[in-house]
2 protein chains.
Amino acid sequence: MATIYQVSELAGVSLATVSRVLNNNARVSEKTREKVEIAMEQLGYRPNSIAQSLASNRSNSVGILVSELHGPIFGQMMAGIESELRAAGKHVIITTGHSEEKGEKDGIEFLLSRNCDAIILHVEAVSDEYLIELSKGSVPVYIMSRYVEEIKDKCISLDNNLGGYIATKAILNQGHTKIAYISGHQFKADSINRVNGHKKALAEKNISFDEDLYFVGDYKETGGSAGLKHFIDKKLSFSALICANDEMASGAMKYAREHGFELPNDLSIMGFDNVSFANYLYPKLTTIENPINEMGKMAAKLVLKTVYSKKDLTIQSVFEPRVIFRQSVIPYSPV
Amino acid sequence: MATIYQVSELAGVSLATVSRVLNNNARVSEKTREKVEIAMEQLGYRPNSIAQSLASNRSNSVGILVSELHGPIFGQMMAGIESELRAAGKHVIITTGHSEEKGEKDGIEFLLSRNCDAIILHVEAVSDEYLIELSKGSVPVYIMSRYVEEIKDKCISLDNNLGGYIATKAILNQGHTKIAYISGHQFKADSINRVNGHKKALAEKNISFDEDLYFVGDYKETGGSAGLKHFIDKKLSFSALICANDEMASGAMKYAREHGFELPNDLSIMGFDNVSFANYLYPKLTTIENPINEMGKMAAKLVLKTVYSKKDLTIQSVFEPRVIFRQSVIPYSPV
DNA sequence: TTGTAGGCGTTATCAT
DNA sequence: ATGATAACGCCTACAA
């Protein structure tokens, strides 16, 4: 592989000059620039990014930690981040935390050991305090889908409260009044916010929140089926069900169908996230869009702006969800 | 950030010694090793991976090119590669090619510019010749889900012929004899191989392949719906449908249901790939498992073995698909 | 505008 | 077993 030195020799200039045309930050006369470019061409020169990094103290890499590499949410998020970053000539180093505290800390440690210029985290198991502490370190840290007050300017998050609110409102608007709700883990901020939005919408309609119609699931299919089973076994009456994510909605749909429900006639079901398979479900799932791809792009822009000093990028920190109307929610009709 | 030099000072040894305990490849006395380790601890020393790379001419990174970062297949594949590689202390640089020739070439160029020790490609638009040429270059190239004879020892692929065969066989075993087939793009090797397997299974049962019951789709939902529409519009009679991937199977299922079919009673449908949403479909999709996660792991092992000289890793180049029996295929019953 | 030279933090080859 | 010292390929003052 040709080096900058060989190029300089062939072009008959100093290697400093070659470096200049490479980075075109300093003035170089047209003639010499051409000479250099021709020499590069001839040698098939390609800068050694490692050496560049060492000398400039910039790796041009940003680390990304996600829970899993598969899964619709992460895919969309990574896609958003990567496209934006790559267009700026930066590369992404991706690793996983598997939603476990140790896994996430190890992952962060791993990325840090890679000399990333910044890291973008989608973590769920690690505490707020840990993140606050981490962001005091020398490498800039950004957080996805999580709002931590003390470092809010480093967070790109969804307004989950609003999400829960519009989900419930959409159901109420269809005339439903007995609405069951399956939440995610109670210790997760997004779960709590979504329920709070739900409660707010109910309150506005003077419908009291019924603890019996509330179930805490696990954000997986099993949570949805277990939740619906719970409600049915208790012989509760309800005409609509809101699930705090699409996986649980899918689980609930399966369970409902296997137990004689005809969907959506016997039960309206609302999801959350609008992952890609929501459209594959039967009936197609009415849900709340979580613009995670956009959020990923925004996170990348935030990095570009703050770390790579690209000015004139406007940052939006919190994103708004919206209802995606499909087939799983229909107007209430008394039996 | 502390450097190896500062550690050496604090420990009262030369920096060469520090390097030795770091890489523990040369003999160092217990005493000095301890002194050094303590010094490292005190300074919170962390090796600069960039400098290591420059000096050792190893970036410890492997580039991965996928069509998209979202999508079930790629997610599983990346997960397999990453887990295996990270366990070995290597990191992955991931980028996308968007299934277009220019996109893929750009992506490869991008990875090459990043000084990866190796690159793993999942490309569809680029020609075999290009790949053969590419693999003559200085950085090792490995190919996923594609078999190129001339560089077969660098390919990890699925036996698609066998896949098409067992898919059809499974359908035949249920008593179906009129079987429609929706293929993927005809210029793709996997499409062709899957159809060939299909034909072989038919031939074994002395059923002649019927061109009328063959449709070329696009590997997307639209391909499935268009294909089924085509067959129905031509008023052909068939009791089973094989789709060359799950997306198309899903599209066909939707179209079928929207046009009065009751599934699976009126039509048995077989997919291919066993992507995660296959289990979310209604009825749950009977399909062919494409062990892409395992294949990803194997690709990583291949890199580990050939590039990072980890001996005693046995490589399996071609993987075998198997039938996943679920609910969308049922025995044939005459109307 | 162009060249010189020091430095980035390691690894690796010599000696000792 | 340990220590000098020269790479590794590039960037960047500082000089000219």
# chains A, B, ... in the order shown; residues from 1 in each chain; ligands from 1
>>> select_by_dssp(residues="segment 238-269 of chain A", states="alpha helix (DSSP H)", output="list of chain:residue names")
A:Asp246, A:Glu247, A:Met248, A:Ala249, A:Ser250, A:Gly251, A:Ala252, A:Met253, A:Lys254, A:Tyr255, A:Ala256, A:Arg257, A:Glu258
>>> interface_residues(of="chain D", to="chain B", cutoff="7 Å", atoms="only C-alpha atoms (C1' of nucleotides)", output="VMD selection string")
chain D and resid 1 to 3 8
>>> write_last_selection(atoms="C-alpha atoms (C1' of nucleotides)", output="PDB file, in the first residue's frame")
ATOM      1  C1'  DA D   1      14.408 -10.772  31.702  1.00  0.00           C
ATOM      2  C1'  DT D   2      14.867  -6.038  30.413  1.00  0.00           C
ATOM      3  C1'  DG D   3      16.046  -1.738  27.859  1.00  0.00           C
ATOM      4  C1'  DC D   8       4.031   2.508  11.760  1.00  0.00           C
TER       5       DC D   8
END
>>> interface_residues(of="chain C", to="chain B", cutoff="7 Å", atoms="only C-alpha atoms (C1' of nucleotides)", output="NGL selection string")
:C and (9-11)
>>> interface_residues(of="chain B", to="chain A", cutoff="8 Å", atoms="only C-alpha atoms", output="PyMOL selection string")
chain B and resi 46-51+53-54+59+68-72+74-76+78-79+82+86+91-95+113-115+250+277+280-282
>>> write_last_selection(atoms="N, CA and C atoms", output="short mmCIF file (atom, residue, chain, number, x, y, z; two decimals), in the first residue's frame")
data_model
loop_
_atom_site.label_atom_id
_atom_site.label_comp_id
_atom_site.auth_asym_id
_atom_site.auth_seq_id
_atom_site.Cartn_x
_atom_site.Cartn_y
_atom_site.Cartn_z
N ARG B 46 -5.46 2.62 29.92
CA ARG B 46 -6.22 1.83 28.95
C ARG B 46 -5.48 1.98 27.63
N PRO B 47 -5.09 0.87 27.05
CA PRO B 47 -4.30 0.96 25.81
C PRO B 47 -5.03 1.72 24.72
N ASN B 48 -4.30 2.44 23.94
CA ASN B 48 -4.88 3.16 22.81
C ASN B 48 -4.90 2.21 21.61
N SER B 49 -6.11 1.78 21.29
CA SER B 49 -6.23 0.77 20.24
C SER B 49 -5.77 1.29 18.88
N ILE B 50 -5.88 2.59 18.69
CA ILE B 50 -5.45 3.16 17.41
C ILE B 50 -3.93 3.01 17.26
N ALA B 51 -3.25 3.37 18.31
CA ALA B 51 -1.79 3.26 18.26
C ALA B 51 -1.36 1.81 18.11
N SER B 53 -3.02 -0.45 16.62
CA SER B 53 -3.28 -0.84 15.24
C SER B 53 -2.19 -0.35 14.30
N LEU B 54 -1.80 0.89 14.51
CA LEU B 54 -0.78 1.45 13.62
C LEU B 54 0.52 0.66 13.73
N SER B 59 -6.12 -3.76 12.62
CA SER B 59 -7.11 -2.86 13.23
C SER B 59 -8.06 -3.57 14.18
N GLU B 68 -29.53 -4.00 4.22
CA GLU B 68 -30.19 -3.05 5.11
C GLU B 68 -29.89 -3.43 6.55
N LEU B 69 -29.93 -2.45 7.42
CA LEU B 69 -29.70 -2.77 8.83
C LEU B 69 -30.96 -3.29 9.49
N HIS B 70 -32.09 -2.93 8.94
CA HIS B 70 -33.31 -3.52 9.48
C HIS B 70 -33.59 -4.77 8.64
N GLY B 71 -34.66 -5.43 8.95
CA GLY B 71 -34.96 -6.65 8.21
C GLY B 71 -34.48 -7.84 9.00
N PRO B 72 -35.31 -8.83 9.13
CA PRO B 72 -35.06 -9.97 10.01
C PRO B 72 -33.83 -10.78 9.63
N PHE B 74 -31.01 -9.89 8.04
CA PHE B 74 -29.76 -9.22 8.34
C PHE B 74 -29.52 -9.10 9.83
N GLY B 75 -30.58 -8.86 10.55
CA GLY B 75 -30.44 -8.75 12.00
C GLY B 75 -29.86 -10.02 12.58
N GLN B 76 -30.43 -11.13 12.19
CA GLN B 76 -29.95 -12.41 12.70
C GLN B 76 -28.53 -12.68 12.26
N MET B 78 -26.16 -10.42 11.41
CA MET B 78 -25.22 -9.54 12.12
C MET B 78 -25.04 -9.99 13.56
N ALA B 79 -26.15 -10.40 14.17
CA ALA B 79 -26.06 -10.84 15.56
C ALA B 79 -25.09 -12.01 15.69
N GLU B 82 -21.47 -10.67 15.07
CA GLU B 82 -20.97 -9.80 16.13
C GLU B 82 -20.66 -10.55 17.41
N ARG B 86 -16.94 -10.36 18.79
CA ARG B 86 -16.72 -9.58 20.00
C ARG B 86 -16.11 -10.44 21.09
N HIS B 91 -13.95 -5.93 16.73
CA HIS B 91 -15.19 -5.19 16.58
C HIS B 91 -15.65 -5.16 15.14
N VAL B 92 -16.92 -4.92 14.97
CA VAL B 92 -17.49 -4.91 13.63
C VAL B 92 -17.84 -3.49 13.21
N ILE B 93 -17.54 -3.20 11.97
CA ILE B 93 -17.94 -1.94 11.36
C ILE B 93 -19.00 -2.30 10.34
N ILE B 94 -20.18 -1.80 10.55
CA ILE B 94 -21.29 -2.21 9.69
C ILE B 94 -21.73 -1.09 8.78
N THR B 95 -21.97 -1.43 7.53
CA THR B 95 -22.54 -0.43 6.63
C THR B 95 -23.48 -1.11 5.64
N SER B 113 -11.58 1.55 3.10
CA SER B 113 -10.91 2.78 3.54
C SER B 113 -10.76 2.81 5.05
N ARG B 114 -11.46 1.94 5.72
CA ARG B 114 -11.43 1.90 7.19
C ARG B 114 -10.38 0.94 7.72
N ASN B 115 -9.58 0.39 6.84
CA ASN B 115 -8.53 -0.53 7.27
C ASN B 115 -9.04 -1.74 8.05
N SER B 250 -46.41 -14.00 3.10
CA SER B 250 -47.29 -13.11 3.84
C SER B 250 -48.19 -12.32 2.89
N PHE B 277 -41.10 -12.92 11.90
CA PHE B 277 -42.53 -12.64 11.85
C PHE B 277 -43.34 -13.81 11.31
N TYR B 280 -45.68 -14.80 13.63
CA TYR B 280 -46.73 -13.83 13.96
C TYR B 280 -47.88 -13.89 12.96
N LEU B 281 -47.62 -14.50 11.84
CA LEU B 281 -48.65 -14.55 10.80
C LEU B 281 -49.82 -15.41 11.25
N TYR B 282 -50.94 -15.23 10.55
CA TYR B 282 -52.11 -16.03 10.86
C TYR B 282 -52.64 -16.64 9.59
#
>>> atom_distance(atom1="atom CA of Glu149 of chain A", atom2="atom CA of Leu131 of chain A")
11.1 Å
>>> atom_distance(atom1="atom CA of Arg322 of chain B", atom2="atom CA of Gln174 of chain B")
16.4 Å
>>> residues_around(residues="Phe325 of chain B", least_positions_apart="3", cutoff="9 Å", atoms="only C-alpha atoms (C1' of nucleotides)", output="PyMOL selection string")
chain B and resi 285-288+328-329
>>> write_last_selection(atoms="N, CA and C atoms", output="short mmCIF file (atom, residue, chain, number, x, y, z; two decimals), in the first residue's frame")
data_model
loop_
_atom_site.label_atom_id
_atom_site.label_comp_id
_atom_site.auth_asym_id
_atom_site.auth_seq_id
_atom_site.Cartn_x
_atom_site.Cartn_y
_atom_site.Cartn_z
N LEU B 285 -46.98 -19.49 9.93
CA LEU B 285 -46.44 -19.96 8.65
C LEU B 285 -45.55 -21.19 8.75
N THR B 286 -45.90 -22.19 7.97
CA THR B 286 -45.02 -23.34 7.80
C THR B 286 -43.97 -22.90 6.79
N THR B 287 -42.72 -23.14 7.11
CA THR B 287 -41.67 -22.56 6.26
C THR B 287 -40.38 -23.36 6.35
N ILE B 288 -39.39 -22.87 5.66
CA ILE B 288 -38.09 -23.54 5.64
C ILE B 288 -37.10 -22.71 6.45
N SER B 328 -49.77 -23.33 8.46
CA SER B 328 -50.28 -22.87 7.17
C SER B 328 -50.34 -23.96 6.09
N VAL B 329 -49.80 -25.10 6.41
CA VAL B 329 -49.89 -26.22 5.47
C VAL B 329 -50.64 -27.36 6.13
#
>>> select_by_dssp(residues="segment 22-76 of chain A", states="strand (DSSP E or B)", output="compact mmCIF listing (two decimals) with C-alpha atoms, in the first residue's frame")
# COMPACT_ATOMS: atom_id res chain seq x y z
CA SER A 61 -15.92 6.21 14.53
CA VAL A 62 -18.93 6.34 16.75
CA GLY A 63 -19.90 3.43 18.90
CA ILE A 64 -23.44 2.20 19.13
CA LEU A 65 -24.82 -0.05 21.80
CA VAL A 66 -28.17 -1.69 21.26
